[in-house]
Each structure stands twice: as structure tokens, then as C-alpha cells.
>>> print(open('start.cif').read())   # mmCIF, C-alpha atoms
data_upload
#
loop_
_atom_site.label_atom_id
_atom_site.label_comp_id
_atom_site.auth_asym_id
_atom_site.auth_seq_id
_atom_site.Cartn_x
_atom_site.Cartn_y
_atom_site.Cartn_z
CA MET A 1 -1.05 17.29 22.75
CA CYS A 2 -2.75 15.17 25.44
CA ILE A 3 -3.75 16.90 28.69
CA ARG A 4 -3.52 14.64 31.71
CA PRO A 5 -6.83 14.43 33.61
CA THR A 6 -7.02 14.13 37.39
CA HIS A 7 -9.72 11.47 37.97
CA LEU A 8 -9.10 7.74 37.50
CA LEU A 9 -11.52 7.02 34.63
CA GLY A 10 -10.32 10.08 32.80
CA ALA A 11 -6.73 9.00 33.35
CA LEU A 12 -7.42 5.57 31.84
CA LEU A 13 -9.11 7.12 28.81
CA TRP A 14 -6.25 9.59 28.49
CA LEU A 15 -3.72 6.75 28.48
CA VAL A 16 -5.58 4.81 25.79
CA VAL A 17 -6.11 7.85 23.56
CA CYS A 18 -2.56 9.13 23.88
CA GLN A 19 -0.98 5.75 23.24
CA SER A 20 -3.21 5.15 20.21
CA ALA A 21 -2.32 8.60 18.86
CA LEU A 22 1.38 7.74 19.07
CA ALA A 23 1.07 4.33 17.47
CA ALA A 24 1.01 3.95 13.69
CA PRO A 25 -1.18 1.28 12.04
CA ALA A 26 0.69 -1.82 10.91
CA ALA A 27 0.88 -2.79 7.26
CA ASP A 28 -1.75 -5.54 7.26
CA LEU A 29 -2.50 -6.86 3.78
CA TRP A 30 -6.13 -7.18 2.77
CA PRO A 31 -5.74 -10.15 0.38
CA ARG A 32 -8.83 -9.08 -1.58
CA TRP A 33 -6.74 -6.38 -3.31
CA GLN A 34 -3.88 -8.52 -4.59
CA ALA A 35 -5.64 -9.15 -7.90
CA HIS A 36 -4.26 -7.31 -10.95
CA ASP A 37 -3.76 -7.81 -14.69
CA SER A 38 -0.10 -7.58 -15.65
CA THR A 39 -0.99 -7.79 -19.36
CA SER A 40 -3.45 -4.89 -19.38
CA ASN A 41 -2.78 -1.76 -21.44
CA ALA A 42 -5.73 0.09 -19.92
CA THR A 43 -5.26 3.47 -18.27
CA ILE A 44 -7.42 5.62 -15.99
CA ASP A 45 -8.46 9.17 -16.79
CA HIS A 46 -7.34 11.52 -14.01
CA SER A 47 -7.89 14.73 -15.99
CA VAL A 48 -10.56 16.07 -13.62
CA PHE A 49 -8.20 15.68 -10.68
CA ASN A 50 -5.38 17.24 -12.68
CA ARG A 51 -7.47 20.35 -13.30
CA PHE A 52 -8.38 20.61 -9.63
CA LEU A 53 -4.77 20.23 -8.47
CA ASP A 54 -3.51 22.67 -11.07
CA ASP A 55 -6.04 25.27 -9.93
CA TYR A 56 -5.64 24.97 -6.17
CA VAL A 57 -2.20 23.57 -5.28
CA VAL A 58 0.48 26.24 -4.83
CA THR A 59 3.95 24.83 -5.38
CA HIS A 60 6.99 25.99 -3.42
CA GLU A 61 10.67 25.38 -4.06
CA THR A 62 11.28 24.84 -0.35
CA GLY A 63 8.83 23.51 2.18
CA PRO A 64 5.48 21.87 1.50
CA ASN A 65 3.09 22.82 -1.25
CA SER A 66 -0.05 24.56 -0.04
CA VAL A 67 -3.71 24.20 -1.01
CA ARG A 68 -6.05 27.16 -1.51
CA TYR A 69 -8.91 25.50 0.36
CA ALA A 70 -10.74 28.77 1.00
CA ALA A 71 -10.83 29.55 -2.74
CA VAL A 72 -12.41 26.27 -3.88
CA THR A 73 -15.67 27.02 -5.66
CA THR A 74 -18.86 25.06 -5.15
CA ALA A 75 -18.60 23.80 -8.73
CA ASP A 76 -15.03 22.59 -8.27
CA ALA A 77 -15.87 20.90 -4.97
CA LYS A 78 -18.68 19.11 -6.77
CA ALA A 79 -16.30 18.11 -9.57
CA LEU A 80 -13.88 16.69 -7.00
CA HIS A 81 -16.65 14.56 -5.49
CA GLY A 82 -17.60 13.48 -9.01
CA TYR A 83 -14.04 12.36 -9.62
CA ILE A 84 -14.14 10.28 -6.44
CA ASP A 85 -17.43 8.75 -7.58
CA ALA A 86 -15.86 7.89 -10.94
CA LEU A 87 -12.92 6.17 -9.23
CA GLU A 88 -15.33 4.16 -7.06
CA ALA A 89 -17.02 2.85 -10.21
CA ILE A 90 -13.79 1.42 -11.64
CA GLN A 91 -13.08 -2.32 -11.57
CA ILE A 92 -9.54 -1.81 -10.33
CA ASP A 93 -8.62 -5.52 -10.45
CA ASP A 94 -8.40 -5.20 -14.25
CA TYR A 95 -5.34 -2.93 -14.26
CA THR A 96 -1.57 -3.29 -13.91
CA ARG A 97 0.18 -2.72 -10.61
CA ASP A 98 1.49 0.74 -11.62
CA VAL A 99 -1.97 1.92 -12.70
CA GLN A 100 -3.40 0.55 -9.47
CA ARG A 101 -0.79 2.31 -7.34
CA ALA A 102 -1.54 5.65 -8.98
CA TYR A 103 -5.27 5.00 -8.59
CA TRP A 104 -5.08 4.30 -4.86
CA ILE A 105 -2.84 7.28 -4.13
CA ASN A 106 -5.06 9.64 -6.12
CA LEU A 107 -8.18 8.26 -4.43
CA TYR A 108 -6.64 8.75 -0.99
CA ASN A 109 -5.58 12.30 -1.79
CA ALA A 110 -8.87 13.25 -3.43
CA VAL A 111 -10.89 11.98 -0.46
CA THR A 112 -8.61 13.85 1.94
CA LEU A 113 -8.98 17.07 -0.01
CA ALA A 114 -12.76 16.66 -0.14
CA LEU A 115 -12.89 16.09 3.62
CA VAL A 116 -10.97 19.27 4.37
CA ILE A 117 -12.99 21.33 1.86
CA ASP A 118 -16.30 19.99 3.20
CA HIS A 119 -15.28 20.93 6.78
CA TRP A 120 -13.48 24.17 5.99
CA PRO A 121 -12.26 26.10 7.91
CA VAL A 122 -10.21 23.71 10.07
CA ASP A 123 -6.87 24.12 11.81
CA SER A 124 -5.88 20.48 11.41
CA ILE A 125 -7.23 17.39 9.69
CA ARG A 126 -7.19 15.72 13.10
CA ASP A 127 -10.10 17.98 14.07
CA ILE A 128 -12.36 16.31 11.46
CA ASP A 129 -14.59 13.49 12.72
CA ALA A 130 -12.38 13.01 15.76
CA GLY A 131 -13.83 10.75 18.43
CA VAL A 132 -12.91 9.69 21.96
CA PHE A 133 -10.63 6.88 20.81
CA ASP A 134 -9.29 8.35 17.59
CA SER A 135 -7.86 11.67 16.49
CA GLY A 136 -8.96 12.25 12.94
CA PRO A 137 -10.98 10.97 9.99
CA TRP A 138 -8.90 7.99 8.96
CA ASP A 139 -10.89 5.05 10.31
CA GLU A 140 -14.34 5.94 8.97
CA GLU A 141 -15.41 4.17 5.77
CA ARG A 142 -15.36 6.82 3.04
CA VAL A 143 -15.57 5.05 -0.32
CA THR A 144 -16.82 1.81 -1.85
CA VAL A 145 -14.66 0.05 -4.46
CA GLU A 146 -15.78 -3.21 -6.07
CA GLY A 147 -18.40 -3.58 -3.34
CA ALA A 148 -15.94 -3.16 -0.46
CA GLN A 149 -16.25 -0.22 1.91
CA LEU A 150 -12.89 1.41 2.58
CA SER A 151 -11.45 3.92 5.01
CA LEU A 152 -8.39 6.04 4.36
CA ASN A 153 -6.48 3.77 6.72
CA ASP A 154 -7.58 0.75 4.67
CA ILE A 155 -6.20 2.33 1.51
CA GLU A 156 -2.88 3.26 3.06
CA HIS A 157 -2.20 0.43 5.49
CA ARG A 158 -4.08 -2.53 4.06
CA ILE A 159 -3.51 -1.92 0.35
CA LEU A 160 -0.70 0.49 -0.53
CA ARG A 161 1.93 -0.26 2.11
CA PRO A 162 1.68 -4.06 2.19
CA ILE A 163 1.48 -4.48 -1.59
CA TRP A 164 4.21 -1.96 -2.44
CA HIS A 165 6.40 -2.46 0.61
CA ASP A 166 9.15 -0.03 -0.40
CA GLY A 167 8.42 2.94 1.88
CA MET A 168 7.58 5.15 -1.10
CA THR A 169 3.86 5.20 -0.32
CA HIS A 170 4.60 7.74 2.42
CA TYR A 171 5.76 10.24 -0.20
CA GLY A 172 2.54 9.90 -2.19
CA VAL A 173 -0.41 9.93 0.21
CA ASN A 174 -1.01 13.40 1.62
CA CYS A 175 -2.57 14.08 5.02
CA ALA A 176 -3.20 17.81 4.41
CA SER A 177 -0.57 18.80 6.98
CA ILE A 178 2.52 20.98 7.00
CA SER A 179 4.87 18.09 7.79
CA CYS A 180 3.45 15.69 5.23
CA PRO A 181 5.36 15.17 1.96
CA ALA A 182 4.02 17.71 -0.51
CA LEU A 183 0.79 17.22 -2.42
CA ARG A 184 1.75 17.21 -6.09
CA ALA A 185 0.17 19.75 -8.40
CA SER A 186 -0.73 16.95 -10.82
CA ALA A 187 -2.20 13.48 -10.51
CA TYR A 188 -0.24 10.26 -10.40
CA THR A 189 -0.60 7.94 -13.39
CA GLY A 190 0.57 4.45 -14.14
CA ALA A 191 3.21 5.92 -16.43
CA ASN A 192 4.63 8.45 -13.96
CA VAL A 193 3.99 6.99 -10.51
CA ALA A 194 7.48 5.56 -9.87
CA ASP A 195 9.34 8.68 -11.01
CA ALA A 196 6.86 11.03 -9.32
CA LEU A 197 7.17 9.26 -5.96
CA ALA A 198 10.97 9.34 -6.24
CA ALA A 199 10.90 13.08 -6.99
CA ASN A 200 8.56 13.71 -4.05
CA ALA A 201 10.86 11.68 -1.80
CA ARG A 202 13.94 13.67 -2.80
CA ALA A 203 12.11 16.97 -2.29
CA TYR A 204 10.87 15.90 1.15
CA VAL A 205 14.25 14.72 2.40
CA ALA A 206 15.81 17.96 1.12
CA SER A 207 13.23 20.03 3.03
CA PRO A 208 13.38 20.96 6.73
CA GLN A 209 10.12 19.03 7.20
CA GLY A 210 11.83 15.80 6.17
CA ALA A 211 15.20 16.17 7.85
CA ARG A 212 17.26 18.95 9.32
CA ILE A 213 20.57 19.28 11.12
CA SER A 214 20.65 22.00 13.73
CA ASN A 215 23.42 22.54 16.26
CA GLY A 216 24.83 19.16 15.29
CA ARG A 217 21.54 17.32 15.95
CA LEU A 218 19.78 15.32 13.26
CA VAL A 219 16.03 15.85 13.59
CA VAL A 220 13.70 14.13 11.15
CA SER A 221 10.01 13.74 10.43
CA LYS A 222 8.00 11.48 12.72
CA ILE A 223 7.05 9.57 9.58
CA TYR A 224 10.43 7.87 9.96
CA GLN A 225 9.58 6.99 13.55
CA TRP A 226 5.99 5.87 13.02
CA TYR A 227 6.89 3.84 9.92
CA GLY A 228 10.55 3.15 10.56
CA ALA A 229 10.06 -0.53 9.76
CA ASP A 230 9.08 0.42 6.19
CA PHE A 231 12.58 1.84 5.75
CA GLY A 232 14.50 -0.92 7.50
CA GLY A 233 14.53 0.46 11.04
CA PRO A 234 16.63 3.40 12.34
CA ALA A 235 19.76 2.32 10.47
CA GLY A 236 17.72 1.89 7.30
CA VAL A 237 16.19 5.34 7.74
CA LEU A 238 19.66 6.90 7.98
CA LYS A 239 20.77 5.15 4.78
CA HIS A 240 17.54 6.12 3.06
CA LEU A 241 17.93 9.79 4.01
CA ALA A 242 21.59 9.92 2.99
CA ARG A 243 20.79 8.31 -0.37
CA LEU A 244 18.04 10.80 -1.22
CA ALA A 245 19.39 14.01 0.28
CA PRO A 246 21.29 16.67 -1.67
CA ALA A 247 25.06 16.16 -1.57
CA ASP A 248 25.90 18.52 1.32
CA LYS A 249 23.01 17.31 3.44
CA ALA A 250 23.80 13.67 2.64
CA LYS A 251 27.38 14.19 3.80
CA ALA A 252 26.16 15.68 7.08
CA ILE A 253 23.64 12.88 7.62
CA ALA A 254 26.38 10.31 7.03
CA THR A 255 28.22 11.60 10.09
CA HIS A 256 25.34 10.50 12.32
CA ASP A 257 24.83 6.93 13.50
CA THR A 258 21.64 7.82 15.39
CA ILE A 259 18.64 10.10 14.93
CA ASP A 260 18.49 12.75 17.65
CA GLY A 261 14.84 13.72 17.45
CA TYR A 262 11.53 13.50 15.60
CA VAL A 263 9.05 16.30 14.86
CA TYR A 264 5.73 16.71 13.07
CA ASP A 265 3.45 19.70 12.47
CA TRP A 266 -0.21 18.78 11.96
CA SER A 267 -1.26 22.32 10.99
CA ILE A 268 -3.35 22.35 7.83
CA ASN A 269 -1.31 22.98 4.66
CA SER A 270 -3.03 26.25 3.79
CA PRO A 271 -1.07 29.11 2.16
CA PRO A 272 -0.86 31.21 5.37
CA ASN A 273 0.45 28.26 7.38
CA VAL A 274 3.00 27.32 4.73
CA GLU A 275 4.20 30.93 4.49
CA LYS A 276 4.60 31.03 8.26
CA THR A 277 6.55 27.77 8.20
CA GLN A 278 8.85 29.03 5.46
CA ALA A 279 9.53 32.23 7.40
CA ASN A 280 10.44 30.21 10.51
CA ASP A 281 12.71 27.92 8.51
CA ASN A 282 14.69 30.80 6.97
#
>>> encode(input="start.cif", output="C-alpha cells")
Amino acid sequence: MCIRPTHLLGALLWLVVCQSALAAPAADLWPRWQAHDSTSNATIDHSVFNRFLDDYVVTHETGPNSVRYAAVTTADAKALHGYIDALEAIQIDDYTRDVQRAYWINLYNAVTLALVIDHWPVDSIRDIDAGVFDSGPWDEERVTVEGAQLSLNDIEHRILRPIWHDGMTHYGVNCASISCPALRASAYTGANVADALAANARAYVASPQGARISNGRLVVSKIYQWYGADFGGPAGVLKHLARLAPADKAKAIATHDTIDGYVYDWSINSPPNVEKTQANDN
């Protein structure tokens, strides 16, 4: 939340910061990353990441999955950084589009996990490396792939979204927050990425974090406000939600021709926070 200052300079800074916090980055293709090899049979080994996710992600039938950040050992944190280093060393141009998509999502999620673990304890990812004109760690260059330095925003908004412009990226990248689509307990691969993203999308839309109807009002995640264009605008969002939702929820969504509100909880997706969210939702 932005607190309005009383002096003029502070007010101007407040306006800039608050407006930038509300605005989502546009999908702006970095042409450098269009290269791929559609004939390649090569795969990427994500077994180290699989072991990490299996050990520390707690799955839930309803609501987001949680991460046992406080339990991560020094050895496992080091292994996670080693996995990121291994991904950085890959010549990603030499792979198919599906393998590349899984690679970029896993890299994004691994870097995000490492950031939270390295700064633990934190209440929100937005508290990490936050500056005067930004509210979080997304703009700092974190990794180097094929000689190019990349930030998390580069991966999401200059590679994933503009290359795979189907909206499904939002169900894969995880921002370590309660209202983000759940972090999977296993890595994405070229073979499973399409089905895994679809499953994550259905689970998110079914959850109260994705969409809920309360007292006749349809309230959805701010993801669908920030990135509404990725889903075809407000009307496209409604169709998208109705298509993915369970039957009863889809029927209720279909009775709405507008979205009544947007919400988002940036609290870290730790087990205590997820348990609190589940209790409030029930």
C-alpha cells in the first residue's frame, strides 16, 4: 500500500512509485531469443530441481502450494544455486520450443526460490532488493545465458510472454506469493510443459485465489487485470475463466458480463501463510 506524503517532492515520488507498482510490464519481444531448433531431440536434465521441489514444496488440494523456506538446508540451497549455474551454461538456442519454454519457466522459478531463501525470513518478495522506483527484485540482472545478462522481468516479459503469447505463462512462473498460481512440486520439461501449464491453470481458476463469487460479485486475481490483454481483454478473461473452471463455477461465471473486483495477496507462500489463507477461505 502507498502512503501519501505531505510535501511536494515526496508527493511526486509517491505518484511515480504508486503508478509504476500498479502497471504491469508489456510483452516486449527480445528478438535475440527467437532462435530454436525444431528438429532437435535433445532434452535438459532438471533432476536436481525436481529433488528440491519434491523436498520443499507442500501441495494442497485447495489454495496455493507452500514452500518450506525455513527448512532448506545449506547443502540444498547450494544445490539450487548449482542448478541455476548449470542452466546458465546451456546453449538454449539448440533446443525445441517446448524444451525452451520449460527451461525458461524453471530458471525463473529457481532464481525466485533462491532469492527468497537467500533473504529469509521475508514477509513478501517485494521486500527483496526494493528501491525507490521499484517494489521488488524483478528488474535486477540475475543470470547470464549465452552471454546475455537477464532479469526476472526479461525472462517473463521479453521472452516467455511474447514468444508464447497464449496467457499460459502466468500459470507457470511463480512469484513466491499467496495469490500466484501454485508452484508445482516437480519441474517442467519439454514433454510435460503444455499439460502441466493447463493443469496449473485449471487448479488456479478453481481456487479462491484465481476467481471467487461472493454475494453475487465476481472477484478475480489481479493477474487478469495486469495482464488482461494476454487473455483477450475483460471479455476474453471471462471466457477463459468459464472454460477452465469446474462446472458449477463455470456456470456461475457465465452469468456475469463484467468482473466486479480484483484482489492479490503478496504474502510469502510459506506454510503458515497458506494455512491462514485456507482457514479464511473456508
>>> closest_residue(input="start.cif", among="A:Leu183, A:Ile213, A:Ala71, A:Leu115", to="His256 of chain A", atoms="only C-alpha atoms")
A:Ile213
>>> closest_residue(input="start.cif", among="A:Thr169, A:Asn280, A:Asn174, A:Thr112", to="Ser151 of chain A", atoms="only C-alpha atoms")
A:Thr112
>>> atom_distance(input="start.cif", atom1="atom CA of Trp226 of chain A", atom2="atom CA of Arg158 of chain A")
15.9 Å
>>> closest_residue(input="start.cif", among="A:Thr189, A:Thr96, A:Asn106, A:Ser177", to="Ile125 of chain A", atoms="only C-alpha atoms")
A:Ser177
>>> resolve_selection(input="start.cif", expression="the PyMOL selection byres ((chain A and resi 100) around 10)", output="MDAnalysis selection string")
chainID A and resid 33 36:37 43:44 92:99 101:106 160 189:190 193
>>> atom_distance(input="start.cif", atom1="atom CA of Ile178 of chain A", atom2="atom CA of Trp266 of chain A")
6.1 Å
>>> atom_distance(input="start.cif", atom1="atom CA of Asp28 of chain A", atom2="atom CA of Asp154 of chain A")
9.0 Å
>>> residues_near_point(input="start.cif", point="(15.5, 30.7, 8.6)", cutoff="12 Å", atoms="only C-alpha atoms", output="PDB file with C-alpha atoms, in the frame of the given file")
ATOM      1  CA  THR A  62      11.280  24.840  -0.350  1.00  0.00           C
ATOM      2  CA  GLY A  63       8.830  23.510   2.180  1.00  0.00           C
ATOM      3  CA  PRO A 208      13.380  20.960   6.730  1.00  0.00           C
ATOM      4  CA  ARG A 212      17.260  18.950   9.320  1.00  0.00           C
ATOM      5  CA  SER A 214      20.650  22.000  13.730  1.00  0.00           C
ATOM      6  CA  LYS A 276       4.600  31.030   8.260  1.00  0.00           C
ATOM      7  CA  THR A 277       6.550  27.770   8.200  1.00  0.00           C
ATOM      8  CA  GLN A 278       8.850  29.030   5.460  1.00  0.00           C
ATOM      9  CA  ALA A 279       9.530  32.230   7.400  1.00  0.00           C
ATOM     10  CA  ASN A 280      10.440  30.210  10.510  1.00  0.00           C
ATOM     11  CA  ASP A 281      12.710  27.920   8.510  1.00  0.00           C
ATOM     12  CA  ASN A 282      14.690  30.800   6.970  1.00  0.00           C
TER      13      ASN A 282
END
>>> residues_near_point(input="start.cif", point="(14.6, 18.1, 1.9)", cutoff="9 Å", atoms="only C-alpha atoms", output="PyMOL selection string")
chain A and resi 62-63+201-212+244-246+249
>>> closest_residue(input="start.cif", among="A:Ile223, A:Ile90, A:Ala70, A:Val237", to="Asp45 of chain A", atoms="only C-alpha atoms")
A:Ile90
>>> decode(input="start.cif", residues="segment 203-215 of chain A", atoms="all heavy atoms", output="PDB file, in the first residue's frame")
ATOM      1  N   ALA A 203      -6.355 -25.560 -11.911  1.00  0.00           N
ATOM      2  CA  ALA A 203      -6.317 -25.520 -10.448  1.00  0.00           C
ATOM      3  C   ALA A 203      -6.425 -24.087  -9.931  1.00  0.00           C
ATOM      4  O   ALA A 203      -7.101 -23.825  -8.919  1.00  0.00           O
ATOM      5  CB  ALA A 203      -5.025 -26.164  -9.950  1.00  0.00           C
ATOM      6  N   TYR A 204      -5.792 -23.148 -10.624  1.00  0.00           N
ATOM      7  CA  TYR A 204      -5.813 -21.753 -10.181  1.00  0.00           C
ATOM      8  C   TYR A 204      -7.204 -21.151 -10.338  1.00  0.00           C
ATOM      9  O   TYR A 204      -7.718 -20.496  -9.432  1.00  0.00           O
ATOM     10  CB  TYR A 204      -4.795 -20.942 -10.977  1.00  0.00           C
ATOM     11  CG  TYR A 204      -4.603 -19.534 -10.466  1.00  0.00           C
ATOM     12  CD1 TYR A 204      -4.124 -19.302  -9.175  1.00  0.00           C
ATOM     13  CD2 TYR A 204      -4.871 -18.429 -11.265  1.00  0.00           C
ATOM     14  CE1 TYR A 204      -3.925 -18.009  -8.704  1.00  0.00           C
ATOM     15  CE2 TYR A 204      -4.667 -17.136 -10.803  1.00  0.00           C
ATOM     16  CZ  TYR A 204      -4.201 -16.932  -9.517  1.00  0.00           C
ATOM     17  OH  TYR A 204      -4.005 -15.651  -9.055  1.00  0.00           O
ATOM     18  N   VAL A 205      -7.821 -21.381 -11.470  1.00  0.00           N
ATOM     19  CA  VAL A 205      -9.162 -20.834 -11.702  1.00  0.00           C
ATOM     20  C   VAL A 205     -10.159 -21.448 -10.723  1.00  0.00           C
ATOM     21  O   VAL A 205     -11.101 -20.784 -10.274  1.00  0.00           O
ATOM     22  CB  VAL A 205      -9.593 -21.064 -13.158  1.00  0.00           C
ATOM     23  CG1 VAL A 205     -11.038 -20.630 -13.374  1.00  0.00           C
ATOM     24  CG2 VAL A 205      -8.671 -20.295 -14.111  1.00  0.00           C
ATOM     25  N   ALA A 206      -9.954 -22.704 -10.365  1.00  0.00           N
ATOM     26  CA  ALA A 206     -10.850 -23.371  -9.414  1.00  0.00           C
ATOM     27  C   ALA A 206     -10.674 -22.830  -7.996  1.00  0.00           C
ATOM     28  O   ALA A 206     -11.594 -22.914  -7.173  1.00  0.00           O
ATOM     29  CB  ALA A 206     -10.600 -24.872  -9.423  1.00  0.00           C
ATOM     30  N   SER A 207      -9.504 -22.254  -7.703  1.00  0.00           N
ATOM     31  CA  SER A 207      -9.194 -21.800  -6.348  1.00  0.00           C
ATOM     32  C   SER A 207      -9.768 -20.415  -6.081  1.00  0.00           C
ATOM     33  O   SER A 207     -10.015 -19.639  -7.010  1.00  0.00           O
ATOM     34  CB  SER A 207      -7.674 -21.763  -6.149  1.00  0.00           C
ATOM     35  OG  SER A 207      -7.116 -20.644  -6.832  1.00  0.00           O
ATOM     36  N   PRO A 208      -9.954 -20.074  -4.792  1.00  0.00           N
ATOM     37  CA  PRO A 208     -10.404 -18.715  -4.468  1.00  0.00           C
ATOM     38  C   PRO A 208      -9.394 -17.645  -4.862  1.00  0.00           C
ATOM     39  O   PRO A 208      -9.770 -16.494  -5.082  1.00  0.00           O
ATOM     40  CB  PRO A 208     -10.574 -18.767  -2.937  1.00  0.00           C
ATOM     41  CG  PRO A 208     -10.730 -20.207  -2.607  1.00  0.00           C
ATOM     42  CD  PRO A 208      -9.880 -20.941  -3.611  1.00  0.00           C
ATOM     43  N   GLN A 209      -8.112 -18.016  -4.961  1.00  0.00           N
ATOM     44  CA  GLN A 209      -7.100 -17.037  -5.375  1.00  0.00           C
ATOM     45  C   GLN A 209      -7.285 -16.633  -6.838  1.00  0.00           C
ATOM     46  O   GLN A 209      -6.986 -15.502  -7.207  1.00  0.00           O
ATOM     47  CB  GLN A 209      -5.690 -17.595  -5.161  1.00  0.00           C
ATOM     48  CG  GLN A 209      -5.250 -17.664  -3.721  1.00  0.00           C
ATOM     49  CD  GLN A 209      -6.000 -18.718  -2.932  1.00  0.00           C
ATOM     50  OE1 GLN A 209      -6.188 -19.844  -3.408  1.00  0.00           O
ATOM     51  NE2 GLN A 209      -6.437 -18.368  -1.732  1.00  0.00           N
ATOM     52  N   GLY A 210      -7.757 -17.558  -7.660  1.00  0.00           N
ATOM     53  CA  GLY A 210      -7.953 -17.252  -9.074  1.00  0.00           C
ATOM     54  C   GLY A 210      -9.245 -16.523  -9.339  1.00  0.00           C
ATOM     55  O   GLY A 210      -9.273 -15.487 -10.028  1.00  0.00           O
ATOM     56  N   ALA A 211     -10.335 -17.051  -8.814  1.00  0.00           N
ATOM     57  CA  ALA A 211     -11.648 -16.434  -9.023  1.00  0.00           C
ATOM     58  C   ALA A 211     -12.597 -16.913  -7.940  1.00  0.00           C
ATOM     59  O   ALA A 211     -12.574 -18.078  -7.542  1.00  0.00           O
ATOM     60  CB  ALA A 211     -12.200 -16.805 -10.407  1.00  0.00           C
ATOM     61  N   ARG A 212     -13.421 -15.995  -7.477  1.00  0.00           N
ATOM     62  CA  ARG A 212     -14.430 -16.371  -6.497  1.00  0.00           C
ATOM     63  C   ARG A 212     -15.695 -15.553  -6.731  1.00  0.00           C
ATOM     64  O   ARG A 212     -15.636 -14.427  -7.249  1.00  0.00           O
ATOM     65  CB  ARG A 212     -13.927 -16.170  -5.068  1.00  0.00           C
ATOM     66  CG  ARG A 212     -13.753 -14.712  -4.675  1.00  0.00           C
ATOM     67  CD  ARG A 212     -13.412 -14.588  -3.194  1.00  0.00           C
ATOM     68  NE  ARG A 212     -12.052 -15.038  -2.918  1.00  0.00           N
ATOM     69  CZ  ARG A 212     -11.622 -15.354  -1.703  1.00  0.00           C
ATOM     70  NH1 ARG A 212     -12.441 -15.303  -0.676  1.00  0.00           N
ATOM     71  NH2 ARG A 212     -10.376 -15.722  -1.523  1.00  0.00           N
ATOM     72  N   ILE A 213     -16.822 -16.135  -6.374  1.00  0.00           N
ATOM     73  CA  ILE A 213     -18.095 -15.426  -6.446  1.00  0.00           C
ATOM     74  C   ILE A 213     -18.645 -15.353  -5.037  1.00  0.00           C
ATOM     75  O   ILE A 213     -18.884 -16.372  -4.389  1.00  0.00           O
ATOM     76  CB  ILE A 213     -19.081 -16.129  -7.390  1.00  0.00           C
ATOM     77  CG1 ILE A 213     -18.522 -16.127  -8.818  1.00  0.00           C
ATOM     78  CG2 ILE A 213     -20.446 -15.441  -7.350  1.00  0.00           C
ATOM     79  CD1 ILE A 213     -19.334 -16.917  -9.799  1.00  0.00           C
ATOM     80  N   SER A 214     -18.794 -14.141  -4.551  1.00  0.00           N
ATOM     81  CA  SER A 214     -19.255 -13.914  -3.191  1.00  0.00           C
ATOM     82  C   SER A 214     -20.331 -12.846  -3.201  1.00  0.00           C
ATOM     83  O   SER A 214     -20.123 -11.747  -3.744  1.00  0.00           O
ATOM     84  CB  SER A 214     -18.082 -13.476  -2.309  1.00  0.00           C
ATOM     85  OG  SER A 214     -18.495 -13.209  -1.005  1.00  0.00           O
ATOM     86  N   ASN A 215     -21.477 -13.188  -2.630  1.00  0.00           N
ATOM     87  CA  ASN A 215     -22.619 -12.262  -2.610  1.00  0.00           C
ATOM     88  C   ASN A 215     -22.947 -11.756  -4.014  1.00  0.00           C
ATOM     89  O   ASN A 215     -23.272 -10.579  -4.206  1.00  0.00           O
ATOM     90  CB  ASN A 215     -22.339 -11.079  -1.683  1.00  0.00           C
ATOM     91  CG  ASN A 215     -22.153 -11.514  -0.236  1.00  0.00           C
ATOM     92  OD1 ASN A 215     -22.847 -12.406   0.240  1.00  0.00           O
ATOM     93  ND2 ASN A 215     -21.207 -10.888   0.459  1.00  0.00           N
TER      94      ASN A 215
END
